[in-house]
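The data block below is input_11.cif; it holds mmCIF, C-alpha atoms.
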```
data_start
loop_
_atom_site.label_atom_id
_atom_site.label_comp_id
_atom_site.auth_asym_id
_atom_site.auth_seq_id
_atom_site.Cartn_x
_atom_site.Cartn_y
_atom_site.Cartn_z
CA MET A 1 0.00 0.00 0.00
CA ALA A 2 1.32 3.44 -0.92
CA GLU A 3 1.19 6.43 1.35
CA LEU A 4 -1.50 8.98 0.49
CA TYR A 5 -1.23 12.60 1.59
CA ILE A 6 -3.54 15.53 1.07
CA VAL A 7 -1.49 18.71 1.39
CA GLY A 8 -2.86 22.21 1.85
CA GLN A 9 -1.29 25.63 2.12
CA ALA A 10 -1.77 26.60 5.77
CA PRO A 11 -4.33 26.28 8.57
CA ALA A 12 -7.62 28.01 7.85
CA ARG A 13 -8.67 31.10 9.76
CA THR A 14 -11.91 29.29 10.58
CA GLY A 15 -10.29 25.98 11.62
CA ASP A 16 -8.75 24.85 14.88
CA GLY A 17 -5.14 24.82 13.62
CA ARG A 18 -5.10 21.24 12.37
CA PRO A 19 -4.91 20.67 8.59
CA PHE A 20 -8.28 20.79 6.82
CA THR A 21 -10.47 21.73 9.78
CA GLY A 22 -11.84 24.84 8.07
CA ASN A 23 -13.89 25.19 4.88
CA SER A 24 -11.42 23.11 2.85
CA GLY A 25 -11.79 20.16 5.21
CA LYS A 26 -15.57 20.42 5.11
CA THR A 27 -15.45 20.41 1.30
CA LEU A 28 -13.21 17.32 1.26
CA LEU A 29 -15.36 15.47 3.81
CA LYS A 30 -18.42 16.15 1.68
CA MET A 31 -16.73 15.04 -1.56
CA PHE A 32 -15.40 11.84 -0.02
CA GLY A 33 -18.73 11.21 1.72
CA TRP A 34 -16.96 10.77 5.05
CA PRO A 35 -18.83 11.46 8.29
CA SER A 36 -16.12 13.23 10.32
CA TYR A 37 -12.65 14.71 10.42
CA GLU A 38 -11.46 11.77 12.53
CA TYR A 39 -12.78 9.34 9.91
CA MET A 40 -10.87 11.22 7.20
CA THR A 41 -7.59 11.28 9.17
CA ALA A 42 -7.84 7.54 9.77
CA ARG A 43 -7.72 7.00 5.99
CA VAL A 44 -5.39 9.68 4.65
CA ASN A 45 -2.51 11.77 5.95
CA LEU A 46 -3.32 15.47 6.12
CA LEU A 47 -0.61 18.14 6.06
CA ASN A 48 -0.15 21.84 5.50
CA LEU A 49 3.04 23.28 4.02
CA LEU A 50 2.90 26.22 6.42
CA ASP A 51 2.20 25.72 10.11
CA LYS A 52 0.52 29.01 10.89
CA LYS A 53 -2.39 30.96 9.52
CA GLN A 54 -1.36 33.50 6.92
CA GLU A 55 -2.18 37.18 6.69
CA PRO A 56 -5.42 37.83 4.78
CA LEU A 57 -5.19 39.52 1.40
CA PRO A 58 -6.99 42.86 0.98
CA GLY A 59 -10.62 42.33 0.05
CA GLY A 60 -10.88 39.02 1.93
CA ARG A 61 -10.22 36.74 -1.07
CA GLY A 62 -7.63 34.36 0.31
CA ASP A 63 -4.39 34.73 2.24
CA ARG A 64 -0.80 35.69 1.53
CA PHE A 65 1.43 32.70 0.83
CA ASP A 66 5.07 32.43 1.92
CA TYR A 67 6.44 30.57 -1.13
CA GLU A 68 10.01 30.30 0.13
CA THR A 69 9.06 28.65 3.42
CA ALA A 70 6.49 26.44 1.68
CA LYS A 71 8.99 25.33 -1.00
CA ARG A 72 11.54 24.39 1.69
CA GLU A 73 8.89 22.33 3.49
CA ALA A 74 7.81 20.63 0.24
CA LEU A 75 11.44 19.71 -0.51
CA ARG A 76 11.88 18.36 3.02
CA LEU A 77 8.74 16.24 2.73
CA ARG A 78 9.72 14.96 -0.73
CA ALA A 79 13.16 13.93 0.53
CA HIS A 80 11.60 12.08 3.46
CA TRP A 81 9.14 10.27 1.22
CA PHE A 82 11.83 9.35 -1.31
CA ILE A 83 13.92 7.76 1.43
CA PHE A 84 11.24 6.00 3.47
CA TYR A 85 8.41 5.06 1.08
CA PRO A 86 8.60 3.26 -2.27
CA GLU A 87 5.54 5.12 -3.54
CA THR A 88 3.80 8.21 -2.22
CA HIS A 89 0.68 9.84 -3.64
CA VAL A 90 0.29 13.53 -2.87
CA ILE A 91 -2.91 15.43 -3.59
CA CYS A 92 -1.83 19.06 -3.77
CA CYS A 93 -4.71 21.36 -2.86
CA GLY A 94 -4.18 24.38 -5.04
CA VAL A 95 -1.79 25.64 -7.68
CA LYS A 96 0.63 27.03 -5.08
CA VAL A 97 1.06 23.71 -3.29
CA PHE A 98 1.52 21.80 -6.56
CA LYS A 99 4.13 24.32 -7.68
CA CYS A 100 6.03 24.01 -4.37
CA PHE A 101 6.31 20.23 -4.80
CA THR A 102 7.00 20.05 -8.53
CA GLY A 103 8.39 23.44 -9.55
CA GLN A 104 5.72 23.58 -12.26
CA SER A 105 2.26 25.06 -12.58
CA PRO A 106 -0.43 22.44 -13.15
CA GLN A 107 -1.87 22.27 -16.64
CA GLN A 108 -5.40 21.33 -15.56
CA PRO A 109 -7.28 19.87 -12.59
CA PHE A 110 -6.69 16.24 -11.63
CA LYS A 111 -3.48 15.92 -13.63
CA GLY A 112 -0.41 14.54 -11.97
CA LEU A 113 3.34 14.50 -12.21
CA ALA A 114 5.57 11.64 -11.09
CA LEU A 115 8.86 12.54 -9.45
CA TYR A 116 11.38 9.67 -9.45
CA HIS A 117 14.44 9.17 -7.29
CA ARG A 118 16.84 6.81 -9.08
CA ARG A 119 19.11 6.12 -6.11
CA PHE A 120 16.29 4.93 -3.87
CA ASN A 121 14.09 3.62 -6.71
CA THR A 122 11.11 5.49 -5.28
CA VAL A 123 8.43 7.76 -6.67
CA VAL A 124 6.33 10.66 -5.40
CA LYS A 125 3.21 11.17 -7.51
CA CYS A 126 1.83 14.71 -7.17
CA TRP A 127 -1.75 15.39 -8.24
CA TYR A 128 -3.39 18.78 -8.64
CA LEU A 129 -6.77 19.42 -7.01
CA PRO A 130 -8.22 22.94 -7.20
CA HIS A 131 -8.06 24.48 -3.75
CA PRO A 132 -11.21 23.39 -1.88
CA SER A 133 -11.63 26.57 0.18
CA GLY A 134 -14.70 28.74 0.22
CA ALA A 135 -12.74 31.38 -1.72
CA ASN A 136 -12.58 29.18 -4.83
CA PRO A 137 -15.73 29.45 -7.01
CA TRP A 138 -14.63 26.31 -8.93
CA TYR A 139 -16.64 24.16 -6.51
CA ASN A 140 -19.88 26.02 -7.29
CA ASP A 141 -20.26 23.97 -10.49
CA PRO A 142 -21.92 20.60 -9.69
CA THR A 143 -20.30 18.94 -12.74
CA LEU A 144 -16.82 19.91 -11.53
CA VAL A 145 -17.64 18.75 -8.00
CA GLU A 146 -18.62 15.33 -9.39
CA GLN A 147 -15.32 15.17 -11.28
CA ALA A 148 -13.47 16.05 -8.06
CA LYS A 149 -15.32 13.32 -6.14
CA LYS A 150 -14.39 10.75 -8.76
CA PHE A 151 -10.77 11.93 -8.79
CA LEU A 152 -10.47 11.73 -4.99
CA LYS A 153 -12.01 8.27 -4.81
CA THR A 154 -9.71 7.05 -7.60
CA ARG A 155 -6.61 8.40 -5.83
CA LEU A 156 -7.70 6.77 -2.58
CA ARG A 157 -8.28 3.44 -4.31
CA ASP A 158 -5.00 3.64 -6.28
CA ALA A 159 -2.95 4.42 -3.17
CA ALA A 160 -4.58 1.55 -1.27
CA ALA A 161 -3.90 -0.88 -4.14
CA SER A 162 -0.27 0.11 -4.80
CA PRO A 163 2.30 -2.53 -3.90
CA ILE A 164 4.83 -1.83 -1.18
#
```

Show me this structure written as structure tokens.
Amino acid sequence: MAELYIVGQAPARTGDGRPFTGNSGKTLLKMFGWPSYEYMTARVNLLNLLDKKQEPLPGGRGDRFDYETAKREALRLRAHWFIFYPETHVICCGVKVFKCFTGQSPQQPFKGLALYHRRFNTVVKCWYLPHPSGANPWYNDPTLVEQAKKFLKTRLRDAAASPI
């Protein structure tokens, strides 16, 4: 079984400090059809690249993002996964998180990029999921929400079925 991580930017202003306890977590719980945060954390690993809430942007549409600190944390996580896990699946919530892990902007939702480490013969597969916060109008379209549900369930199934 491969490791599966869902990685966000930083704790939500409306959450309790743990990853995905704000609007993003509620969106993910709903899409997965899971009854509680505890149920979700028993099935996937949840992380944020930044450990503290960020300063709000003017106008209330999102928060500032410390790219340099986030990129360092993404590189640290990648190195750890390369060394300790043969295969890791990472669902990157948002363009910024995907870019921190891969150095590239995602081309479209639900597309992934495999990062290989030849020395350890390991892989980190990074997938792009549009940021599930309340600030993202992407989730207002029921067709796109259905695509996101299917994507998340496929990633969960694939990670569970991957050989060690």

message: Please return as a list of chain:residue names every residue within 6 Å of (-0.5, 17.3, -11.8), taking into account all atoms listed in the file and the file's own coordinates.
response: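 Taken together, the residues in range are A:Pro106, A:Lys111, A:Gly112, A:Leu113, A:Cys126, A:Trp127, A:Tyr128.
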
message: For the PyMOL selection byres ((chain A and resi 121) around 10), applied here, can you spell out every residue it catches as a PyMOL selection string?
response: chain A and resi 82-83+85-87+116-120+122-123

Please enumerate the residues selected by the PyMOL selection byres ((chain A and resi 88) around 8) when evaluated against the supplied file, formatted as an mmCIF file with C-alpha atoms, in the coordinates of the input.
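expr.cif, freshly written:
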```cif
data_model
loop_
_atom_site.group_PDB
_atom_site.id
_atom_site.type_symbol
_atom_site.label_atom_id
_atom_site.label_comp_id
_atom_site.auth_asym_id
_atom_site.auth_seq_id
_atom_site.Cartn_x
_atom_site.Cartn_y
_atom_site.Cartn_z
ATOM 1 C CA ALA A 2 1.320 3.440 -0.920
ATOM 2 C CA GLU A 3 1.190 6.430 1.350
ATOM 3 C CA LEU A 4 -1.500 8.980 0.490
ATOM 4 C CA TYR A 5 -1.230 12.600 1.590
ATOM 5 C CA TRP A 81 9.140 10.270 1.220
ATOM 6 C CA TYR A 85 8.410 5.060 1.080
ATOM 7 C CA PRO A 86 8.600 3.260 -2.270
ATOM 8 C CA GLU A 87 5.540 5.120 -3.540
ATOM 9 C CA HIS A 89 0.680 9.840 -3.640
ATOM 10 C CA VAL A 90 0.290 13.530 -2.870
ATOM 11 C CA VAL A 123 8.430 7.760 -6.670
ATOM 12 C CA VAL A 124 6.330 10.660 -5.400
ATOM 13 C CA LYS A 125 3.210 11.170 -7.510
ATOM 14 C CA ALA A 159 -2.950 4.420 -3.170
#
```

query: For Gly103 of chain A, which residue among A:Pro130, A:Tyr67, A:Leu152, A:Leu50 is the nearest when counting only C-alpha atoms?
result: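 Using only C-alpha atoms, Gly103 of chain A sits closest to A:Tyr67.
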
message: Nearest residue to Arg18 of chain A out of A:Glu68, A:Glu55, A:Asp141, A:Glu38, using only C-alpha atoms?
response: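 Among the listed residues, A:Glu38 lies closest to Arg18 of chain A.
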
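Pairwise distance (atom CA of Phe20 of chain A, atom CA of Gly59 of chain A) equals 22.7 Å.
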
- line: Students should find that atom CA of Leu49 of chain A and atom CA of Pro142 of chain A are spaced 28.6 Å

task: Convert the output of the PyMOL selection byres ((chain A and resi 23) around 9) on the shown file into explicit residues, formatted as an NGL selection string.
output: :A and (12 or 14-15 or 20-22 or 24-28 or 132-134)

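Ranking A:Pro11, A:Val145, A:Phe110, A:Lys71 by their shortest atom-to-atom distance to Leu46 of chain A, with all atoms listed in the file included, puts A:Pro11 first.
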
query: Which one of A:Asn48, A:Asn140, A:Thr102, A:Gln107 sits closest to Leu75 of chain A if you count all atoms listed in the file?
result: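 Of all the options, A:Thr102 lies closest to Leu75 of chain A.
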
task: Kindly indicate which residue among A:Ala10, A:Asp66, A:Trp34, A:Lys99 lies nearest to Lys52 of chain A, using all atoms listed in the file for the distances.
output: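 Closest to Lys52 of chain A, using all atoms listed in the file: A:Ala10.
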
- prompt: So, counting all atoms listed in the file, which residue among A:Arg64, A:Gly17, A:His80, A:Lys149 is closest to Leu29 of chain A?
  reply: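 Under the stated criterion, the closest residue is A:Lys149.
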
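Note that atom CA of Leu47 of chain A and atom CA of Gly94 of chain A are 13.2 Å apart.
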
For segment 122-127 of chain A, take all atoms listed in the file, fit an axis-aligned box around them, add 6 Å to each of the six sides, then output centre and edge lengths in Å rounded to one decimal, as AutoDock Vina command-line options.
```
--center_x 4.7 --center_y 10.4 --center_z -6.8 --size_x 24.9 --size_y 21.9 --size_z 15.0
```

Could N, CA and C atoms be built for segment 22-56 of chain A and written out as a PDB file, keeping the file's coordinate frame?
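Full text of part.pdb as output:
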```
ATOM      1  N   GLY A  22     -11.021  23.702   8.480  1.00  0.00           N
ATOM      2  CA  GLY A  22     -11.840  24.840   8.070  1.00  0.00           C
ATOM      3  C   GLY A  22     -12.730  24.460   6.899  1.00  0.00           C
ATOM      4  N   ASN A  23     -13.012  25.424   6.035  1.00  0.00           N
ATOM      5  CA  ASN A  23     -13.890  25.190   4.880  1.00  0.00           C
ATOM      6  C   ASN A  23     -13.336  24.127   3.936  1.00  0.00           C
ATOM      7  N   SER A  24     -12.023  24.106   3.752  1.00  0.00           N
ATOM      8  CA  SER A  24     -11.420  23.110   2.850  1.00  0.00           C
ATOM      9  C   SER A  24     -11.683  21.698   3.346  1.00  0.00           C
ATOM     10  N   GLY A  25     -11.525  21.485   4.632  1.00  0.00           N
ATOM     11  CA  GLY A  25     -11.790  20.160   5.210  1.00  0.00           C
ATOM     12  C   GLY A  25     -13.242  19.763   5.061  1.00  0.00           C
ATOM     13  N   LYS A  26     -14.139  20.717   5.269  1.00  0.00           N
ATOM     14  CA  LYS A  26     -15.570  20.420   5.110  1.00  0.00           C
ATOM     15  C   LYS A  26     -15.879  20.032   3.664  1.00  0.00           C
ATOM     16  N   THR A  27     -15.253  20.730   2.715  1.00  0.00           N
ATOM     17  CA  THR A  27     -15.450  20.410   1.300  1.00  0.00           C
ATOM     18  C   THR A  27     -14.950  19.001   0.997  1.00  0.00           C
ATOM     19  N   LEU A  28     -13.760  18.656   1.497  1.00  0.00           N
ATOM     20  CA  LEU A  28     -13.210  17.320   1.260  1.00  0.00           C
ATOM     21  C   LEU A  28     -14.059  16.231   1.900  1.00  0.00           C
ATOM     22  N   LEU A  29     -14.497  16.453   3.140  1.00  0.00           N
ATOM     23  CA  LEU A  29     -15.360  15.470   3.810  1.00  0.00           C
ATOM     24  C   LEU A  29     -16.613  15.215   2.987  1.00  0.00           C
ATOM     25  N   LYS A  30     -17.203  16.282   2.482  1.00  0.00           N
ATOM     26  CA  LYS A  30     -18.420  16.150   1.680  1.00  0.00           C
ATOM     27  C   LYS A  30     -18.150  15.383   0.393  1.00  0.00           C
ATOM     28  N   MET A  31     -17.041  15.714  -0.292  1.00  0.00           N
ATOM     29  CA  MET A  31     -16.730  15.040  -1.560  1.00  0.00           C
ATOM     30  C   MET A  31     -16.434  13.564  -1.351  1.00  0.00           C
ATOM     31  N   PHE A  32     -15.697  13.242  -0.290  1.00  0.00           N
ATOM     32  CA  PHE A  32     -15.400  11.840  -0.020  1.00  0.00           C
ATOM     33  C   PHE A  32     -16.618  11.100   0.529  1.00  0.00           C
ATOM     34  N   GLY A  33     -17.578  11.845   1.092  1.00  0.00           N
ATOM     35  CA  GLY A  33     -18.730  11.210   1.720  1.00  0.00           C
ATOM     36  C   GLY A  33     -18.394  10.662   3.097  1.00  0.00           C
ATOM     37  N   TRP A  34     -17.390  11.249   3.737  1.00  0.00           N
ATOM     38  CA  TRP A  34     -16.960  10.770   5.050  1.00  0.00           C
ATOM     39  C   TRP A  34     -17.684  11.532   6.155  1.00  0.00           C
ATOM     40  N   PRO A  35     -18.002  10.856   7.254  1.00  0.00           N
ATOM     41  CA  PRO A  35     -18.830  11.460   8.290  1.00  0.00           C
ATOM     42  C   PRO A  35     -18.119  12.455   9.218  1.00  0.00           C
ATOM     43  N   SER A  36     -16.785  12.361   9.358  1.00  0.00           N
ATOM     44  CA  SER A  36     -16.120  13.230  10.320  1.00  0.00           C
ATOM     45  C   SER A  36     -14.654  13.431   9.967  1.00  0.00           C
ATOM     46  N   TYR A  37     -14.071  14.420  10.599  1.00  0.00           N
ATOM     47  CA  TYR A  37     -12.650  14.710  10.420  1.00  0.00           C
ATOM     48  C   TYR A  37     -11.808  13.511  10.887  1.00  0.00           C
ATOM     49  N   GLU A  38     -12.190  12.927  11.995  1.00  0.00           N
ATOM     50  CA  GLU A  38     -11.460  11.770  12.530  1.00  0.00           C
ATOM     51  C   GLU A  38     -11.506  10.593  11.559  1.00  0.00           C
ATOM     52  N   TYR A  39     -12.641  10.400  10.910  1.00  0.00           N
ATOM     53  CA  TYR A  39     -12.780   9.340   9.910  1.00  0.00           C
ATOM     54  C   TYR A  39     -11.823   9.599   8.744  1.00  0.00           C
ATOM     55  N   MET A  40     -11.745  10.868   8.311  1.00  0.00           N
ATOM     56  CA  MET A  40     -10.870  11.220   7.200  1.00  0.00           C
ATOM     57  C   MET A  40      -9.402  10.989   7.586  1.00  0.00           C
ATOM     58  N   THR A  41      -8.996  11.416   8.774  1.00  0.00           N
ATOM     59  CA  THR A  41      -7.590  11.280   9.170  1.00  0.00           C
ATOM     60  C   THR A  41      -7.200   9.829   9.415  1.00  0.00           C
ATOM     61  N   ALA A  42      -8.151   8.961   9.624  1.00  0.00           N
ATOM     62  CA  ALA A  42      -7.840   7.540   9.770  1.00  0.00           C
ATOM     63  C   ALA A  42      -7.536   6.898   8.412  1.00  0.00           C
ATOM     64  N   ARG A  43      -7.894   7.560   7.321  1.00  0.00           N
ATOM     65  CA  ARG A  43      -7.720   7.000   5.990  1.00  0.00           C
ATOM     66  C   ARG A  43      -6.649   7.678   5.147  1.00  0.00           C
ATOM     67  N   VAL A  44      -6.418   8.953   5.399  1.00  0.00           N
ATOM     68  CA  VAL A  44      -5.390   9.680   4.650  1.00  0.00           C
ATOM     69  C   VAL A  44      -4.573  10.532   5.606  1.00  0.00           C
ATOM     70  N   ASN A  45      -3.372  10.862   5.193  1.00  0.00           N
ATOM     71  CA  ASN A  45      -2.510  11.770   5.950  1.00  0.00           C
ATOM     72  C   ASN A  45      -2.799  13.188   5.492  1.00  0.00           C
ATOM     73  N   LEU A  46      -3.016  14.079   6.439  1.00  0.00           N
ATOM     74  CA  LEU A  46      -3.320  15.470   6.120  1.00  0.00           C
ATOM     75  C   LEU A  46      -2.180  16.355   6.599  1.00  0.00           C
ATOM     76  N   LEU A  47      -1.713  17.227   5.725  1.00  0.00           N
ATOM     77  CA  LEU A  47      -0.610  18.140   6.060  1.00  0.00           C
ATOM     78  C   LEU A  47      -0.872  19.515   5.478  1.00  0.00           C
ATOM     79  N   ASN A  48      -0.243  20.504   6.078  1.00  0.00           N
ATOM     80  CA  ASN A  48      -0.150  21.840   5.500  1.00  0.00           C
ATOM     81  C   ASN A  48       1.318  22.158   5.303  1.00  0.00           C
ATOM     82  N   LEU A  49       1.649  22.879   4.242  1.00  0.00           N
ATOM     83  CA  LEU A  49       3.040  23.280   4.020  1.00  0.00           C
ATOM     84  C   LEU A  49       3.484  24.326   5.033  1.00  0.00           C
ATOM     85  N   LEU A  50       2.586  25.190   5.431  1.00  0.00           N
ATOM     86  CA  LEU A  50       2.900  26.220   6.420  1.00  0.00           C
ATOM     87  C   LEU A  50       2.155  25.895   7.706  1.00  0.00           C
ATOM     88  N   ASP A  51       2.789  26.139   8.838  1.00  0.00           N
ATOM     89  CA  ASP A  51       2.200  25.720  10.110  1.00  0.00           C
ATOM     90  C   ASP A  51       1.407  26.791  10.834  1.00  0.00           C
ATOM     91  N   LYS A  52       1.312  27.978  10.237  1.00  0.00           N
ATOM     92  CA  LYS A  52       0.520  29.010  10.890  1.00  0.00           C
ATOM     93  C   LYS A  52      -0.378  29.702   9.875  1.00  0.00           C
ATOM     94  N   LYS A  53      -1.454  30.251  10.379  1.00  0.00           N
ATOM     95  CA  LYS A  53      -2.390  30.960   9.520  1.00  0.00           C
ATOM     96  C   LYS A  53      -1.698  32.162   8.906  1.00  0.00           C
ATOM     97  N   GLN A  54      -2.004  32.425   7.655  1.00  0.00           N
ATOM     98  CA  GLN A  54      -1.360  33.500   6.920  1.00  0.00           C
ATOM     99  C   GLN A  54      -2.189  34.776   6.981  1.00  0.00           C
ATOM    100  N   GLU A  55      -1.542  35.871   6.698  1.00  0.00           N
ATOM    101  CA  GLU A  55      -2.180  37.180   6.690  1.00  0.00           C
ATOM    102  C   GLU A  55      -3.199  37.252   5.556  1.00  0.00           C
ATOM    103  N   PRO A  56      -4.409  37.723   5.840  1.00  0.00           N
ATOM    104  CA  PRO A  56      -5.420  37.830   4.780  1.00  0.00           C
ATOM    105  C   PRO A  56      -5.013  38.855   3.719  1.00  0.00           C
TER     106      PRO A  56
END
```
